[in-house]
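Next comes work37.txt, with compact mmCIF, C-alpha atoms and all ligand atoms.
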```
# COMPACT_ATOMS: atom_id res chain seq x y z
CA MET N 114 -2.75 16.04 -10.75
CA THR N 115 -4.63 13.25 -9.01
CA THR N 116 -6.35 13.39 -5.63
CA LEU N 117 -7.49 10.49 -3.49
CA GLU N 118 -9.96 11.61 -0.85
CA ILE N 119 -11.08 9.45 2.03
CA LYS N 120 -14.01 11.00 3.82
CA ASP N 121 -15.37 9.88 7.17
CA LEU N 122 -14.82 6.23 6.26
CA HIS N 123 -16.42 3.63 8.50
CA VAL N 124 -15.64 -0.02 7.86
CA SER N 125 -16.78 -3.21 9.58
CA VAL N 126 -15.76 -6.83 9.36
CA GLU N 127 -17.80 -9.92 10.00
CA THR N 128 -16.38 -11.75 13.01
CA GLU N 129 -17.59 -14.77 14.95
CA GLN N 130 -19.09 -12.33 17.45
CA GLY N 131 -20.89 -10.46 14.66
CA GLU N 132 -20.18 -7.17 12.90
CA LYS N 133 -17.25 -5.29 14.34
CA GLU N 134 -16.49 -1.70 13.40
CA ILE N 135 -12.76 -1.33 12.66
CA LEU N 136 -12.53 2.03 10.90
CA LYS N 137 -14.35 4.73 12.81
CA GLY N 138 -14.31 7.79 10.59
CA VAL N 139 -11.09 8.09 8.60
CA ASN N 140 -10.34 11.36 6.79
CA LEU N 141 -7.31 11.62 4.51
CA THR N 142 -6.43 13.41 1.28
CA ILE N 143 -3.47 12.34 -0.85
CA LYS N 144 -2.32 14.19 -3.95
CA SER N 145 0.10 13.36 -6.75
CA GLY N 146 3.70 13.67 -5.70
CA GLU N 147 2.92 13.56 -1.98
CA THR N 148 4.04 10.86 0.41
CA HIS N 149 1.84 10.26 3.43
CA ALA N 150 2.94 7.92 6.19
CA ILE N 151 0.27 6.23 8.25
CA MET N 152 1.76 5.02 11.47
CA GLY N 153 0.10 3.32 14.36
CA PRO N 154 0.10 0.49 16.85
CA ASN N 155 -0.71 -3.06 15.82
CA GLY N 156 -4.41 -3.65 15.50
CA SER N 157 -5.28 0.00 14.96
CA GLY N 158 -6.85 -0.72 11.56
CA LYS N 159 -4.08 0.30 9.16
CA SER N 160 -4.34 -2.81 7.00
CA THR N 161 -8.12 -2.58 7.13
CA LEU N 162 -7.80 0.86 5.55
CA ALA N 163 -5.59 -0.57 2.77
CA TYR N 164 -7.96 -3.49 2.15
CA SER N 165 -10.95 -1.17 2.10
CA ILE N 166 -9.35 1.05 -0.55
CA ALA N 167 -8.47 -2.11 -2.49
CA GLY N 168 -12.05 -3.40 -2.35
CA HIS N 169 -11.42 -6.59 -0.38
CA PRO N 170 -14.79 -8.34 -0.02
CA LYS N 171 -14.31 -9.07 3.69
CA TYR N 172 -14.51 -5.40 4.59
CA THR N 173 -17.85 -3.65 4.50
CA VAL N 174 -17.93 0.10 4.13
CA THR N 175 -20.86 1.18 6.29
CA SER N 176 -20.51 4.91 5.61
CA GLY N 177 -18.18 7.48 4.15
CA GLU N 178 -16.55 7.96 0.78
CA VAL N 179 -13.39 7.17 -1.16
CA LEU N 180 -13.00 9.42 -4.20
CA LEU N 181 -10.33 9.41 -6.90
CA ASP N 182 -10.52 12.72 -8.69
CA GLY N 183 -14.15 12.85 -7.60
CA GLU N 184 -14.96 9.36 -8.91
CA ASP N 185 -16.55 6.95 -6.44
CA VAL N 186 -13.89 4.30 -5.83
CA LEU N 187 -16.20 2.25 -3.62
CA ALA N 188 -18.54 1.69 -6.57
CA MET N 189 -15.68 0.30 -8.67
CA SER N 190 -14.70 -3.35 -9.03
CA VAL N 191 -11.19 -4.30 -7.96
CA ASP N 192 -10.09 -4.25 -11.63
CA GLU N 193 -11.66 -0.86 -12.20
CA ARG N 194 -9.76 0.51 -9.22
CA ALA N 195 -6.49 -0.65 -10.77
CA ARG N 196 -7.45 0.84 -14.14
CA ALA N 197 -8.33 4.11 -12.44
CA GLY N 198 -4.74 4.27 -11.22
CA LEU N 199 -4.82 2.78 -7.72
CA PHE N 200 -2.13 0.36 -6.69
CA LEU N 201 -2.35 -1.65 -3.51
CA ALA N 202 0.58 -3.63 -2.17
CA MET N 203 -0.73 -5.89 0.53
CA GLN N 204 0.85 -6.85 3.78
CA TYR N 205 0.16 -10.51 3.00
CA PRO N 206 0.37 -10.95 -0.78
CA VAL N 207 -1.42 -13.98 -2.18
CA GLU N 208 0.07 -16.81 -4.19
CA VAL N 209 -1.05 -17.09 -7.79
CA PRO N 210 -0.41 -20.74 -8.64
CA GLY N 211 0.74 -21.53 -12.15
CA VAL N 212 1.20 -17.89 -13.19
CA THR N 213 4.74 -16.68 -13.70
CA VAL N 214 5.90 -13.25 -12.59
CA SER N 215 6.53 -12.37 -16.23
CA ASN N 216 2.99 -13.29 -17.35
CA PHE N 217 1.43 -11.76 -14.28
CA LEU N 218 3.14 -8.41 -14.90
CA ARG N 219 2.21 -8.36 -18.57
CA THR N 220 -1.41 -9.26 -17.84
CA ALA N 221 -1.62 -6.62 -15.12
CA LYS N 222 -0.04 -3.99 -17.38
CA THR N 223 -2.46 -4.83 -20.18
CA ALA N 224 -5.42 -4.64 -17.80
CA VAL N 225 -4.35 -1.31 -16.35
CA ASP N 226 -3.48 0.36 -19.66
CA GLY N 227 -6.34 -1.18 -21.66
CA GLU N 228 -3.88 -2.44 -24.28
CA ALA N 229 -0.92 -4.80 -24.35
CA PRO N 230 2.45 -3.11 -23.90
CA LYS N 231 4.74 -3.04 -26.95
CA LEU N 232 6.79 -6.17 -26.62
CA ARG N 233 10.24 -4.77 -27.21
CA THR N 234 10.03 -1.81 -24.84
CA TRP N 235 8.17 -3.94 -22.30
CA VAL N 236 10.88 -6.58 -22.15
CA LYS N 237 13.46 -3.84 -21.74
CA ASP N 238 11.40 -2.08 -19.04
CA VAL N 239 10.94 -5.29 -17.05
CA LYS N 240 14.61 -6.16 -17.32
CA GLY N 241 15.66 -2.66 -16.25
CA ALA N 242 13.24 -2.55 -13.32
CA MET N 243 14.39 -5.98 -12.15
CA GLU N 244 18.03 -4.96 -12.36
CA ASN N 245 17.32 -1.81 -10.37
CA LEU N 246 15.73 -3.93 -7.66
CA ARG N 247 18.70 -6.35 -7.77
CA MET N 248 16.44 -9.20 -8.86
CA ASP N 249 17.87 -12.18 -10.70
CA SER N 250 16.39 -12.54 -14.20
CA ALA N 251 15.31 -16.11 -13.33
CA PHE N 252 12.81 -14.55 -10.94
CA ALA N 253 10.57 -13.65 -13.89
CA ASP N 254 9.95 -17.36 -14.55
CA ARG N 255 8.85 -18.21 -11.02
CA ASN N 256 5.21 -18.48 -10.02
CA VAL N 257 3.81 -15.41 -8.28
CA ASN N 258 4.54 -15.43 -4.56
CA GLU N 259 5.07 -19.20 -4.53
CA GLY N 260 7.87 -19.82 -2.07
CA PHE N 261 8.92 -16.17 -2.23
CA SER N 262 10.90 -14.99 0.76
CA GLY N 263 9.63 -11.92 2.58
CA GLY N 264 12.15 -9.79 0.72
CA GLU N 265 11.24 -11.26 -2.67
CA LYS N 266 7.56 -10.52 -2.07
CA LYS N 267 8.31 -6.92 -1.28
CA ARG N 268 10.59 -6.53 -4.30
CA HIS N 269 7.90 -8.06 -6.47
CA GLU N 270 5.40 -5.51 -5.16
CA ILE N 271 7.70 -2.62 -5.94
CA LEU N 272 8.50 -4.13 -9.34
CA GLN N 273 4.77 -4.10 -10.07
CA MET N 274 4.48 -0.52 -8.90
CA GLU N 275 7.38 0.64 -11.06
CA LEU N 276 5.98 -1.06 -14.15
CA LEU N 277 2.28 -0.32 -13.69
CA GLN N 278 2.91 3.37 -12.93
CA PRO N 279 -0.14 3.98 -10.76
CA LYS N 280 -1.39 7.43 -9.81
CA ILE N 281 -1.76 6.53 -6.15
CA ALA N 282 0.04 3.65 -4.42
CA VAL N 283 -0.89 2.21 -1.06
CA LEU N 284 2.01 0.28 0.45
CA ASP N 285 1.15 -1.72 3.56
CA GLU N 286 4.18 -2.59 5.72
CA THR N 287 6.53 -2.71 2.77
CA ASP N 288 9.30 -2.62 5.36
CA SER N 289 8.28 -5.68 7.36
CA GLY N 290 10.73 -8.54 7.31
CA LEU N 291 13.37 -6.73 5.27
CA ASP N 292 17.01 -6.54 6.24
CA VAL N 293 18.73 -3.19 5.87
CA ASP N 294 20.04 -3.85 2.35
CA ALA N 295 16.68 -5.05 1.05
CA LEU N 296 14.93 -2.13 2.74
CA ARG N 297 17.26 0.30 0.98
CA ILE N 298 16.74 -1.35 -2.43
CA VAL N 299 12.96 -1.43 -2.04
CA SER N 300 12.91 2.18 -0.81
CA GLU N 301 15.01 3.27 -3.78
CA GLY N 302 12.37 1.67 -6.02
CA VAL N 303 9.63 3.70 -4.37
CA ASN N 304 11.71 6.86 -4.65
CA ARG N 305 12.39 6.17 -8.35
CA ALA N 306 8.65 5.80 -8.95
CA LYS N 307 8.07 9.09 -7.13
CA GLU N 308 10.63 10.86 -9.29
CA ASN N 309 9.57 9.30 -12.57
CA THR N 310 5.80 9.40 -12.25
CA GLU N 311 4.69 11.80 -9.51
CA VAL N 312 2.86 8.91 -7.85
CA GLY N 313 1.11 9.80 -4.60
CA VAL N 314 2.16 7.33 -1.90
CA LEU N 315 0.30 6.17 1.17
CA LEU N 316 2.96 4.39 3.17
CA ILE N 317 1.56 2.31 6.01
CA THR N 318 4.04 1.30 8.63
CA HIS N 319 4.37 0.40 12.27
CA TYR N 320 8.05 1.36 12.45
CA THR N 321 9.79 4.62 11.61
CA ARG N 322 12.79 2.84 10.04
CA ILE N 323 11.55 2.99 6.43
CA LEU N 324 10.99 6.74 6.79
CA ASN N 325 14.75 7.20 6.90
CA TYR N 326 14.72 6.10 3.25
CA ILE N 327 11.35 7.29 1.99
CA LYS N 328 10.75 10.80 3.26
CA PRO N 329 7.12 11.51 4.11
CA ASP N 330 5.61 14.93 3.53
CA PHE N 331 2.84 14.19 6.02
CA VAL N 332 2.56 11.79 8.94
CA HIS N 333 -0.78 10.56 10.28
CA VAL N 334 -0.93 8.68 13.55
CA PHE N 335 -3.59 6.02 13.36
CA VAL N 336 -5.18 4.83 16.61
CA ASP N 337 -8.31 2.78 17.16
CA GLY N 338 -9.63 3.08 13.63
CA LYS N 339 -9.00 6.71 12.92
CA VAL N 340 -6.40 9.42 12.55
CA ALA N 341 -5.49 10.63 16.03
CA GLU N 342 -2.85 13.19 15.09
CA GLU N 343 -1.31 14.65 11.96
CA GLY N 344 1.87 16.52 11.23
CA GLY N 345 5.00 16.68 9.15
CA PRO N 346 8.08 14.43 9.25
CA GLU N 347 8.89 15.66 12.76
CA LEU N 348 5.94 13.65 14.05
CA ALA N 349 7.68 10.46 12.92
CA ASP N 350 10.78 11.51 14.84
CA ARG N 351 8.69 11.94 17.97
CA LEU N 352 7.11 8.50 17.50
CA GLU N 353 10.58 7.05 17.08
CA ALA N 354 11.56 8.52 20.43
CA GLU N 355 8.32 8.02 22.36
CA GLY N 356 6.46 5.15 20.71
CA TYR N 357 2.68 4.97 20.72
CA ASP N 358 2.20 4.84 24.49
CA ARG N 359 0.73 8.29 24.82
CA TYR N 360 -2.03 7.47 22.33
CA VAL N 361 -2.78 4.00 23.61
CA SER N 362 -2.80 4.87 27.30
CA ALA N 363 -4.90 7.96 26.62
CA LYS N 364 -7.52 5.58 25.21
CA ALA N 365 -7.48 3.04 28.05
P1 LIG O 401 -3.16 -3.07 11.74
O1 LIG O 401 -2.87 -3.26 10.30
O2 LIG O 401 -3.12 -1.65 12.19
O3 LIG O 401 -2.31 -3.93 12.62
P2 LIG O 401 -5.65 -4.41 11.15
O4 LIG O 401 -6.39 -3.56 10.18
O5 LIG O 401 -4.94 -5.59 10.63
O6 LIG O 401 -4.67 -3.50 12.01
O7 LIG O 401 -6.67 -4.89 12.26
C1 LIG O 401 -7.47 -3.98 13.03
C2 LIG O 401 -8.41 -4.74 13.91
O8 LIG O 401 -9.40 -5.36 13.11
C3 LIG O 401 -7.77 -5.85 14.73
O9 LIG O 401 -8.39 -5.89 15.98
C4 LIG O 401 -8.06 -7.08 13.92
O10 LIG O 401 -8.12 -8.21 14.73
C5 LIG O 401 -9.41 -6.75 13.34
N1 LIG O 401 -9.60 -7.38 12.01
C6 LIG O 401 -9.02 -7.03 10.86
N2 LIG O 401 -9.39 -7.82 9.85
C7 LIG O 401 -10.25 -8.71 10.38
C8 LIG O 401 -11.00 -9.81 9.86
N3 LIG O 401 -10.92 -10.13 8.56
N4 LIG O 401 -11.76 -10.51 10.72
C9 LIG O 401 -11.83 -10.17 12.02
N5 LIG O 401 -11.17 -9.17 12.58
C10 LIG O 401 -10.37 -8.44 11.78
MG MG O 402 -0.84 -5.58 12.01
MG MG O 403 -1.45 -4.26 9.24
```
Could you spell out this file's structure in structure tokens?
Amino acid sequence: MTTLEIKDLHVSVETEQGEKEILKGVNLTIKSGETHAIMGPNGSGKSTLAYSIAGHPKYTVTSGEVLLDGEDVLAMSVDERARAGLFLAMQYPVEVPGVTVSNFLRTAKTAVDGEAPKLRTWVKDVKGAMENLRMDSAFADRNVNEGFSGGEKKRHEILQMELLQPKIAVLDETDSGLDVDALRIVSEGVNRAKENTEVGVLLITHYTRILNYIKPDFVHVFVDGKVAEEGGPELADRLEAEGYDRYVSAKA
């Protein structure tokens, strides 16, 4: 059983106007096997939360804690975070020029596990995971994210998650830019990982659509850099019907 605890997290970014506080005291606890949806209006700081957990250098944690089974995540390098079992799928994945998907996955798997995967089972695992995500085998020979369509990027993220078997996965807008078929395939990948590995999932999304496929146990409404309301799946249904107006206008 793994627990990721985010405690009173405050995060700033450097802007042209100086330091700007984006996260204003975030509290969240995610355990193995749980799926938490973070939903909120654009600009509320959802991606900032994902980047902060990932250790992106642009985001400065000014106070608060992120603990993985009591270990200080904020003191870890980006690699150490991955080895500790955190997986972060970014809203805007970067290109990795000259590195094929196949090599990238193997390198990442080796880094996370601390040893190279056994070749024969690895090749079989990759092939199986790609087939499940309806990915053409030629995809493995392409360079990471180079010329990937939106859907290919998302499938590649989920492929990584299925193969790396993290303890906690943070998925930022995995649904954006996907048509219904791709959304279903990607969601099935997340659900397979949940069944096979008990991964705890933090699913960040603006829209409720993906929650028809990946059922959240908890829903957190994120507004102006912190959690404004929490509940079960019924909260997502209410957001679907009412949108975020009540939170945003309450602030103005
Ligand atoms: P969301 O993912 O909920 O749409 P973001 O975390 O992307 O929100 O952004 C929250 C706020 O922080 C926005 O006002 C955005 O402009 C600002 N912000 C985020 N990252 C940066 C950055 N690197 N530089 C300047 N401002 C940023
Ligand atoms: Mg956004
Ligand atoms: Mg975002």
7 Å shell around ligand LIG 401 (chain O) using all atoms listed in the file, listed as a PyMOL selection string: chain N and resi 126-128+135+153-162+171
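The nearest approach to Leu117 (chain N) among the residues N:Tyr172, N:Ala282, N:Met189, N:Thr321, with only C-alpha atoms taken into account, belongs to N:Ala282.
Nearest to ligand MG 402 (chain O) of all the residues N:Asn216, N:Ala354, N:Ala163, N:Gly227 is N:Ala163, based on only C-alpha atoms and all ligand atoms.
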Judged by all atoms listed in the file, the minimum distance to Leu284 (chain N) among N:Arg297, N:His149, N:Lys231, N:Arg194 is found for N:His149
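Note that CA of Val225 (chain N) and CA of Thr318 (chain N) are 26.5 Å apart.
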In the coordinates of the file, take the point (-4.3, 10.7, 1.8) and a cut-off of 8 Å; then, counting all atoms listed in the file, name each qualifying protein, DNA or RNA residue as a PyMOL selection string. chain N and resi 117-119+140-144+149+315
Residue contacts of Ser300 (chain N) (9 Å, only C-alpha atoms) excluding same-chain residues fewer than 6 positions away, as a JSON list (two decimals) with C-alpha atoms, in the coordinates of the input:
```json
[["chain", "number", "residue", "atom", "x", "y", "z"],
["N", 271, "ILE", "CA", 7.70, -2.62, -5.94],
["N", 287, "THR", "CA", 6.53, -2.71, 2.77],
["N", 288, "ASP", "CA", 9.30, -2.62, 5.36],
["N", 323, "ILE", "CA", 11.55, 2.99, 6.43],
["N", 326, "TYR", "CA", 14.72, 6.10, 3.25],
["N", 327, "ILE", "CA", 11.35, 7.29, 1.99]]
```
CA of Thr213 (chain N) and CA of Ala251 (chain N), how far apart in Å? 10.6 Å
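For Leu136 (chain N), the residues within 6 Å (counting all atoms listed in the file, excluding itself and residues fewer than 5 positions away along the chain) are N:His123, N:Val124, N:Gly338.
Counting only C-alpha atoms and all ligand atoms and comparing N:Phe261, N:Tyr357, N:Trp235, N:Tyr320, the residue that lies closest to ligand MG 403 (chain O) is N:Tyr320.
Across N:Glu129, N:Lys266, N:Tyr360, N:Leu348, the tightest approach to Ala202 (chain N) is made by N:Lys266 when counting all atoms listed in the file.
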Proximity to ligand MG 403 (chain O) - best of N:Ile317, N:Leu181, N:Val191, N:Leu352, all atoms listed in the file: N:Ile317
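Interatomic distance, CA of Asp182 (chain N) against CA of Ala167 (chain N): 16.2 Å.
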Considering all atoms listed in the file, return as number ranges by chain whatever protein or nucleic-acid residues lie within 6 Å of Gly138 (chain N), sequence-local ones (same chain, fewer than 2 positions apart) excluded. N: 121-123, 339
